[in-house]
file input_15.txt (compact mmCIF, N, CA and C atoms and all ligand atoms)
# COMPACT_ATOMS: atom_id res chain seq x y z
N THR A 1 -123.65 29.81 61.24
CA THR A 1 -123.62 30.91 62.20
C THR A 1 -122.16 31.26 62.53
N PHE A 2 -121.90 32.56 62.55
CA PHE A 2 -120.54 32.99 62.92
C PHE A 2 -120.64 34.38 63.54
N ASP A 3 -119.56 34.79 64.18
CA ASP A 3 -119.55 36.09 64.84
C ASP A 3 -118.79 37.11 64.02
N VAL A 4 -119.26 38.35 64.09
CA VAL A 4 -118.55 39.46 63.46
C VAL A 4 -118.23 40.47 64.55
N LYS A 5 -116.97 40.76 64.70
CA LYS A 5 -116.56 41.74 65.70
C LYS A 5 -116.44 43.10 65.02
N LEU A 6 -117.11 44.10 65.58
CA LEU A 6 -117.08 45.45 65.03
C LEU A 6 -116.07 46.25 65.85
N GLU A 7 -114.92 46.44 65.27
CA GLU A 7 -113.79 46.99 66.00
C GLU A 7 -114.06 48.40 66.55
N LYS A 8 -114.59 49.29 65.71
CA LYS A 8 -114.79 50.68 66.16
C LYS A 8 -115.97 50.80 67.11
N THR A 9 -117.02 50.02 66.84
CA THR A 9 -118.24 50.10 67.64
C THR A 9 -118.06 49.39 68.98
N GLY A 10 -117.16 48.41 69.00
CA GLY A 10 -116.93 47.66 70.23
C GLY A 10 -118.01 46.63 70.51
N LYS A 11 -118.64 46.13 69.44
CA LYS A 11 -119.70 45.13 69.62
C LYS A 11 -119.34 43.88 68.85
N THR A 12 -119.83 42.74 69.31
CA THR A 12 -119.74 41.51 68.53
C THR A 12 -121.16 41.06 68.20
N VAL A 13 -121.39 40.80 66.90
CA VAL A 13 -122.72 40.46 66.41
C VAL A 13 -122.68 39.04 65.87
N THR A 14 -123.69 38.25 66.20
CA THR A 14 -123.78 36.90 65.65
C THR A 14 -124.62 36.92 64.38
N VAL A 15 -124.10 36.30 63.33
CA VAL A 15 -124.79 36.27 62.04
C VAL A 15 -125.40 34.89 61.83
N PRO A 16 -126.74 34.79 61.86
CA PRO A 16 -127.38 33.49 61.65
C PRO A 16 -127.29 33.07 60.18
N GLU A 17 -127.56 31.81 59.90
CA GLU A 17 -127.50 31.29 58.53
C GLU A 17 -128.40 32.05 57.56
N ASP A 18 -129.55 32.49 58.04
CA ASP A 18 -130.52 33.10 57.12
C ASP A 18 -130.45 34.63 57.09
N ARG A 19 -129.41 35.21 57.65
CA ARG A 19 -129.24 36.66 57.62
C ARG A 19 -127.88 37.00 57.04
N SER A 20 -127.80 38.16 56.39
CA SER A 20 -126.49 38.61 55.92
C SER A 20 -125.76 39.32 57.06
N ILE A 21 -124.46 39.54 56.86
CA ILE A 21 -123.71 40.32 57.86
C ILE A 21 -124.34 41.70 57.99
N LEU A 22 -124.67 42.29 56.84
CA LEU A 22 -125.28 43.62 56.82
C LEU A 22 -126.57 43.65 57.66
N GLU A 23 -127.42 42.68 57.46
CA GLU A 23 -128.69 42.64 58.20
C GLU A 23 -128.45 42.44 59.70
N ALA A 24 -127.51 41.57 60.02
CA ALA A 24 -127.22 41.31 61.44
C ALA A 24 -126.68 42.55 62.13
N ILE A 25 -125.83 43.30 61.43
CA ILE A 25 -125.27 44.52 62.00
C ILE A 25 -126.37 45.56 62.18
N ARG A 26 -127.22 45.67 61.19
CA ARG A 26 -128.34 46.62 61.26
C ARG A 26 -129.29 46.24 62.39
N ASP A 27 -129.56 44.95 62.52
CA ASP A 27 -130.43 44.46 63.61
C ASP A 27 -129.87 44.85 64.97
N ALA A 28 -128.55 44.93 65.06
CA ALA A 28 -127.91 45.26 66.33
C ALA A 28 -127.91 46.76 66.59
N GLY A 29 -128.51 47.52 65.68
CA GLY A 29 -128.64 48.96 65.89
C GLY A 29 -127.45 49.77 65.43
N VAL A 30 -126.58 49.16 64.64
CA VAL A 30 -125.41 49.87 64.13
C VAL A 30 -125.72 50.35 62.71
N PRO A 31 -125.51 51.66 62.45
CA PRO A 31 -125.84 52.19 61.12
C PRO A 31 -124.95 51.59 60.03
N THR A 32 -125.55 51.29 58.89
CA THR A 32 -124.80 50.73 57.76
C THR A 32 -125.26 51.42 56.49
N VAL A 33 -124.43 51.39 55.47
CA VAL A 33 -124.87 51.88 54.17
C VAL A 33 -124.95 50.72 53.20
N SER A 34 -126.03 50.70 52.41
CA SER A 34 -126.17 49.65 51.41
C SER A 34 -127.09 50.14 50.32
N SER A 35 -127.09 49.42 49.22
CA SER A 35 -128.00 49.76 48.14
C SER A 35 -128.58 48.49 47.52
N CYS A 36 -127.79 47.79 46.72
CA CYS A 36 -128.34 46.64 46.00
C CYS A 36 -128.61 45.45 46.91
N GLU A 37 -127.78 45.26 47.90
CA GLU A 37 -127.84 44.10 48.79
C GLU A 37 -127.79 42.78 48.03
N SER A 38 -127.15 42.80 46.87
CA SER A 38 -126.96 41.55 46.13
C SER A 38 -125.53 41.39 45.62
N GLY A 39 -124.62 42.20 46.13
CA GLY A 39 -123.22 41.99 45.79
C GLY A 39 -122.76 42.58 44.48
N THR A 40 -123.49 43.57 43.96
CA THR A 40 -123.11 44.13 42.66
C THR A 40 -122.79 45.62 42.64
N CYS A 41 -123.30 46.40 43.60
CA CYS A 41 -123.16 47.85 43.47
C CYS A 41 -121.88 48.44 44.09
N GLY A 42 -121.37 47.80 45.12
CA GLY A 42 -120.16 48.29 45.76
C GLY A 42 -120.39 49.20 46.96
N THR A 43 -121.61 49.54 47.26
CA THR A 43 -121.91 50.49 48.34
C THR A 43 -121.49 49.98 49.72
N CYS A 44 -121.66 48.74 49.98
CA CYS A 44 -121.46 48.22 51.35
C CYS A 44 -120.02 47.79 51.61
N LYS A 45 -119.12 48.18 50.75
CA LYS A 45 -117.70 47.79 50.90
C LYS A 45 -117.17 48.17 52.28
N THR A 46 -116.58 47.22 52.96
CA THR A 46 -116.14 47.41 54.35
C THR A 46 -114.72 46.89 54.50
N LYS A 47 -113.95 47.59 55.33
CA LYS A 47 -112.57 47.16 55.56
C LYS A 47 -112.55 45.96 56.50
N LEU A 48 -111.80 44.96 56.09
CA LEU A 48 -111.65 43.74 56.88
C LEU A 48 -110.35 43.81 57.67
N ILE A 49 -110.45 43.62 58.98
CA ILE A 49 -109.25 43.67 59.81
C ILE A 49 -108.67 42.27 60.01
N ALA A 50 -109.52 41.29 60.20
CA ALA A 50 -109.03 39.93 60.39
C ALA A 50 -110.11 38.93 60.02
N GLY A 51 -109.69 37.73 59.67
CA GLY A 51 -110.63 36.65 59.38
C GLY A 51 -110.57 36.21 57.93
N GLU A 52 -111.06 34.99 57.70
CA GLU A 52 -111.09 34.40 56.36
C GLU A 52 -112.49 34.58 55.79
N VAL A 53 -112.57 35.21 54.61
CA VAL A 53 -113.87 35.53 54.02
C VAL A 53 -114.21 34.59 52.87
N ASP A 54 -115.47 34.19 52.84
CA ASP A 54 -116.04 33.51 51.68
C ASP A 54 -116.67 34.62 50.82
N HIS A 55 -115.91 35.11 49.85
CA HIS A 55 -116.36 36.25 49.03
C HIS A 55 -117.44 35.80 48.05
N ARG A 56 -118.62 36.47 48.09
CA ARG A 56 -119.73 36.08 47.22
C ARG A 56 -120.22 37.23 46.35
N ASP A 57 -119.45 38.32 46.29
CA ASP A 57 -119.87 39.48 45.51
C ASP A 57 -119.32 39.42 44.09
N MET A 58 -119.74 40.38 43.25
CA MET A 58 -119.27 40.49 41.87
C MET A 58 -118.46 41.76 41.69
N VAL A 59 -118.02 42.38 42.77
CA VAL A 59 -117.45 43.71 42.72
C VAL A 59 -115.94 43.74 42.96
N LEU A 60 -115.50 43.05 43.98
CA LEU A 60 -114.11 43.19 44.42
C LEU A 60 -113.12 42.57 43.44
N MET A 61 -112.02 43.29 43.24
CA MET A 61 -110.91 42.74 42.48
C MET A 61 -110.14 41.80 43.41
N ASP A 62 -109.42 40.86 42.81
CA ASP A 62 -108.69 39.89 43.63
C ASP A 62 -107.79 40.55 44.67
N HIS A 63 -107.10 41.63 44.25
CA HIS A 63 -106.16 42.23 45.19
C HIS A 63 -106.85 42.96 46.34
N GLU A 64 -108.14 43.20 46.22
CA GLU A 64 -108.88 43.87 47.30
C GLU A 64 -109.41 42.87 48.33
N LYS A 65 -109.43 41.61 47.94
CA LYS A 65 -110.13 40.62 48.76
C LYS A 65 -109.44 40.31 50.08
N GLU A 66 -108.17 40.67 50.18
CA GLU A 66 -107.46 40.40 51.42
C GLU A 66 -107.92 41.31 52.55
N ASP A 67 -108.31 42.54 52.21
CA ASP A 67 -108.65 43.47 53.28
C ASP A 67 -109.96 44.22 53.06
N THR A 68 -110.81 43.68 52.22
CA THR A 68 -112.14 44.28 52.04
C THR A 68 -113.19 43.18 51.91
N ILE A 69 -114.43 43.54 52.29
CA ILE A 69 -115.53 42.58 52.22
C ILE A 69 -116.81 43.32 51.86
N MET A 70 -117.63 42.71 51.01
CA MET A 70 -118.95 43.26 50.73
C MET A 70 -119.90 42.56 51.70
N ILE A 71 -120.35 43.30 52.69
CA ILE A 71 -121.06 42.66 53.80
C ILE A 71 -122.51 42.29 53.50
N CYS A 72 -123.02 42.68 52.31
CA CYS A 72 -124.40 42.29 52.00
C CYS A 72 -124.51 40.84 51.55
N VAL A 73 -123.41 40.28 51.06
CA VAL A 73 -123.50 38.90 50.55
C VAL A 73 -122.42 37.96 51.09
N SER A 74 -121.24 38.48 51.40
CA SER A 74 -120.14 37.59 51.76
C SER A 74 -120.25 37.14 53.20
N ARG A 75 -119.58 36.02 53.49
CA ARG A 75 -119.71 35.41 54.81
C ARG A 75 -118.35 34.94 55.31
N SER A 76 -118.36 34.40 56.50
CA SER A 76 -117.12 33.83 57.03
C SER A 76 -116.85 32.50 56.35
N LYS A 77 -115.58 32.25 56.09
CA LYS A 77 -115.19 30.95 55.57
C LYS A 77 -114.90 30.06 56.76
N GLY A 78 -115.61 28.95 56.86
CA GLY A 78 -115.34 28.00 57.95
C GLY A 78 -115.89 28.42 59.30
N GLY A 79 -116.76 29.44 59.33
CA GLY A 79 -117.43 29.79 60.57
C GLY A 79 -116.58 30.51 61.60
N GLU A 80 -115.42 30.98 61.17
CA GLU A 80 -114.57 31.72 62.12
C GLU A 80 -114.99 33.17 62.21
N GLU A 81 -114.60 33.81 63.30
CA GLU A 81 -114.97 35.20 63.52
C GLU A 81 -114.29 36.12 62.49
N LEU A 82 -115.05 37.11 62.03
CA LEU A 82 -114.49 38.16 61.17
C LEU A 82 -114.41 39.44 61.99
N VAL A 83 -113.34 40.22 61.78
CA VAL A 83 -113.21 41.49 62.46
C VAL A 83 -113.29 42.59 61.41
N LEU A 84 -114.28 43.48 61.58
CA LEU A 84 -114.52 44.54 60.59
C LEU A 84 -114.23 45.92 61.18
N ASP A 85 -113.84 46.83 60.30
CA ASP A 85 -113.51 48.20 60.72
C ASP A 85 -114.76 49.08 60.72
N ILE A 86 -115.70 48.71 61.56
CA ILE A 86 -116.97 49.45 61.68
C ILE A 86 -117.13 49.84 63.14
FE1 LIG B 101 -124.49 46.55 46.87
FE2 LIG B 101 -123.47 45.27 48.98
S1 LIG B 101 -125.10 46.71 48.95
S2 LIG B 101 -122.70 45.30 46.95
call {"tool": "encode", "arguments": {"input": "input_15.txt", "output": "structure tokens"}}
result
Amino acid sequence: TFDVKLEKTGKTVTVPEDRSILEAIRDAGVPTVSSCESGTCGTCKTKLIAGEVDHRDMVLMDHEKEDTIMICVSRSKGGEELVLDI
């Protein structure tokens, strides 16, 4: 379990072990875009403002991983809060 802070929306959402960041954000009533929800299509690409990500997608190039996250599959590394530009 870890928290995701949505910078533009002004909300912090808790992501349980059995939910993706995308699902947790959607559950909180914040609109999201997605398609494959398995880390391959690139639709859910989101700008990362802060935090260490455990990248689990097949889409991002190494140089993108510092400031982007695929929120349908990737998670926090070490359970620390992630700050997203949503
Ligand atoms: Fe396809 Fe996330 S919805 S990569």
call {"tool": "closest_residue", "arguments": {"input": "input_15.txt", "among": "A:Ile69, A:Val13, A:Cys44, A:Val30", "to": "Arg56 in chain A", "atoms": "only C-alpha atoms"}}
result
A:Ile69
call {"tool": "closest_residue", "arguments": {"input": "input_15.txt", "among": "A:Glu37, A:Glu80, A:Glu64, A:Asp85", "to": "ligand LIG 101 (chain B)", "atoms": "only N, CA and C atoms and all ligand atoms"}}
result
A:Glu37
call {"tool": "select_by_dssp", "arguments": {"input": "input_15.txt", "residues": "chain A", "states": "strand (DSSP E or B)", "output": "ChimeraX atom specification"}}
result
/A:2-6,11-15,45-50,53-54,68-70,75-76,82-84
call {"tool": "residues_near_point", "arguments": {"input": "input_15.txt", "point": "(-112.1, 31.6, 55.3)", "cutoff": "8 Å", "atoms": "only N, CA and C atoms", "output": "PyMOL selection string"}}
result
chain A and resi 51-55+75-80
call {"tool": "residues_near_ligand", "arguments": {"input": "input_15.txt", "ligand": "ligand LIG 101 (chain B)", "cutoff": "5 Å", "atoms": "all atoms listed in the file", "output": "PyMOL selection string"}}
result
chain A and resi 34-44+72
